[in-house]
Every structure is written in C-alpha cells, then in structure tokens.
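In what follows, a single structure is set out as structure tokens and then discussed.
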Amino acid sequence: MGAAHSASEEVRELVGKTGFSSDQIEQLHRRFKQLSGDQPTIRKENFNNVPDLELNPIRSKIVRAFFDNRNLRKGPSGLADEINFEDFLTIMAYFRPIDTTMDEEQVQLCRKEKLRFLFHMYDSDSDGRITLEEYRNVKWWRSCSPGTRTSRRSRLAPSPTGP
C-alpha cells in the first residue's frame with residue numbers, strides 16, 4: 001500500500017509541475033517506456049524510431065531540445081547524455097497548449113517559457129544570442145518542407161554534368 005501511495009503522490013507532483021492530467025502522465029509514461037525499451041532513461045538514439053519525427057525538417061533540433069540542460073533547468077549550457085521520465089515530461093510540457101483557465105499573469109509566464117524553449121532550439125551554441133548564421137538556419141528550415149527540401153537543395157547545387 002505504501003508503494004501505491006508514494007506512486008500516486010509522485011503523479012500528483014508531476015501534475016503540479018507539468019500541467020498534464022494524471023491520465024496524460026500515464027499515457028506519456030507508456031510512450032516513454034516504449035521509446036526507452038523499458039529502461040529508466042532515454043538517449044538521443046532512442047528518438048530514431050519515432051515515425052512522427054522521421055520527416056520533420058527540424059528533427060535534429062527537436063531531439064537536441066530534449067537533452068538541452070537549459071530546457072531541463074539543469075544548467076546554463078550543455079547537453080545531457082540521457083533523460084529520465086521527469087525530464088521527458090518537463091520537455092513535453094513545452095508542447096502543451098496554454099491552459100484556458102490560467103489568469104493573465106500565468107498565461108504570460110507560460111508564453112515566456114515556450115519562447116525561451118524555442119530560443120534555446122535555435123541558439124545552438126548556447127551563447128544567449130542567435131547569430132546571423134543561426135538565424136539563416138531558422139529561415140532555411142522554415143522555407144523548407146519535407147517535400148521541397150531535396151528539390152530546393154538540388155536547385156541550389158550545381159549539376160554534376162553542367163548547367
């Protein structure tokens with residue numbers, strides 16, 4: 001009984017930290033276990049088998065965001081080698097829609113957190129600035145979709161056989 005009580009207490013804590021419902025947390029825990037191969041942590045390579053990310057043009061940035069210490073609130077820079085379930089929930093919470101029951105101050109705080117998360121995705125060298133090169137990468141990825149990415153690249157690259 002004690003284990004069940006502590007597990008439900010842990011779920012309540014996660015509900016408070018992330019804003020997910022207990023049902024959502026259970027569903028995400030099943031997904032986490034599936035991704036990790038039933039291990040207590042996930043590594044970057046565990047994301048290689050996620051079909052929804054396969055064709056996403058910013059796949060590498062999304063995966064990197066899961067391991068960015070700034071997003072995990074574990075430091076001003078660097079990447080974690082692996083993340084546990086609570087870390088996974090912390091990152092997934094950035095993708096949650098803003099709760100309509102929040103007051104204006106909470107909404108502004110939530111928006112600020114989401115913008116900070118996005119900023120970290122593009123500040124790839126963790127220097128607190130988005131350089132011109134990082135900005136160009138943002139513009140390039142935004143202008144590409146999975147279907148046009150290779151065709152756009154081939155238009156820019158010279159033909160090996162000439163014009």
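Naming scheme: A, B, ... for chains in displayed order of the structure tokens; residues 1 onward per chain; ligands 1 onward as shown.
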From chain A, collect each residue whose DSSP state is strand (DSSP E or B) and return the set as JSON, numbers by chain.
{"A": [41, 42, 43, 68, 79, 82, 83, 84]}
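For the choices A:Gln39, A:Asn71, A:Thr131, A:Gln34, the atom-to-atom distance to Arg116 (chain A) is smallest for A:Asn71 when using only C-alpha atoms.
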Between A:Ser8, A:Asn46, A:Gln106, A:Thr18, which is the closest to Tyr94 (chain A) once you count only C-alpha atoms?
A:Thr18
A:Leu55, A:Val11, A:Ile98, A:Leu89: which is nearest Phe32 (chain A), counting only C-alpha atoms?
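Closest to Phe32 (chain A) of all the choices is A:Leu89.
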Please provide the set of residues having any atom within 8 Å of Phe67 (chain A), restricted to only C-alpha atoms, with same-chain residues fewer than 2 positions apart removed, written as a PyMOL selection string.
chain A and resi 44+63-65+69+71-72+79-83
File of the preceding selection, N, CA and C atoms, as a PDB file, in the first residue's frame:
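So part.pdb came out as:
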```pdb
ATOM      1  N   LYS A  44      19.553   9.938 -26.975  1.00  0.00           N
ATOM      2  CA  LYS A  44      19.178  10.558 -28.263  1.00  0.00           C
ATOM      3  C   LYS A  44      18.815   9.516 -29.313  1.00  0.00           C
ATOM      4  N   VAL A  63      15.025  16.886 -31.189  1.00  0.00           N
ATOM      5  CA  VAL A  63      15.677  15.857 -30.370  1.00  0.00           C
ATOM      6  C   VAL A  63      16.707  16.507 -29.453  1.00  0.00           C
ATOM      7  N   ARG A  64      17.505  17.427 -29.991  1.00  0.00           N
ATOM      8  CA  ARG A  64      18.510  18.111 -29.177  1.00  0.00           C
ATOM      9  C   ARG A  64      17.858  18.870 -28.020  1.00  0.00           C
ATOM     10  N   ALA A  65      16.685  19.448 -28.268  1.00  0.00           N
ATOM     11  CA  ALA A  65      15.980  20.210 -27.231  1.00  0.00           C
ATOM     12  C   ALA A  65      15.633  19.349 -26.026  1.00  0.00           C
ATOM     13  N   ASN A  69      20.394  21.139 -21.408  1.00  0.00           N
ATOM     14  CA  ASN A  69      20.315  21.401 -19.963  1.00  0.00           C
ATOM     15  C   ASN A  69      19.520  22.659 -19.630  1.00  0.00           C
ATOM     16  N   ASN A  71      16.778  23.690 -21.133  1.00  0.00           N
ATOM     17  CA  ASN A  71      15.367  23.313 -21.147  1.00  0.00           C
ATOM     18  C   ASN A  71      15.017  22.396 -19.987  1.00  0.00           C
ATOM     19  N   LEU A  72      15.991  21.618 -19.537  1.00  0.00           N
ATOM     20  CA  LEU A  72      15.775  20.712 -18.406  1.00  0.00           C
ATOM     21  C   LEU A  72      15.927  21.429 -17.070  1.00  0.00           C
ATOM     22  N   LEU A  79      24.628  19.570 -22.905  1.00  0.00           N
ATOM     23  CA  LEU A  79      23.620  18.581 -23.245  1.00  0.00           C
ATOM     24  C   LEU A  79      23.742  17.389 -22.306  1.00  0.00           C
ATOM     25  N   ALA A  80      22.595  16.870 -21.900  1.00  0.00           N
ATOM     26  CA  ALA A  80      22.572  15.654 -21.087  1.00  0.00           C
ATOM     27  C   ALA A  80      22.775  14.453 -22.006  1.00  0.00           C
ATOM     28  N   ASP A  81      23.408  13.421 -21.511  1.00  0.00           N
ATOM     29  CA  ASP A  81      23.584  12.191 -22.293  1.00  0.00           C
ATOM     30  C   ASP A  81      22.290  11.395 -22.360  1.00  0.00           C
ATOM     31  N   GLU A  82      21.507  11.489 -21.283  1.00  0.00           N
ATOM     32  CA  GLU A  82      20.245  10.772 -21.211  1.00  0.00           C
ATOM     33  C   GLU A  82      19.291  11.528 -20.298  1.00  0.00           C
ATOM     34  N   ILE A  83      17.989  11.228 -20.440  1.00  0.00           N
ATOM     35  CA  ILE A  83      16.979  11.881 -19.614  1.00  0.00           C
ATOM     36  C   ILE A  83      16.083  10.825 -18.991  1.00  0.00           C
TER      37      ILE A  83
END
```
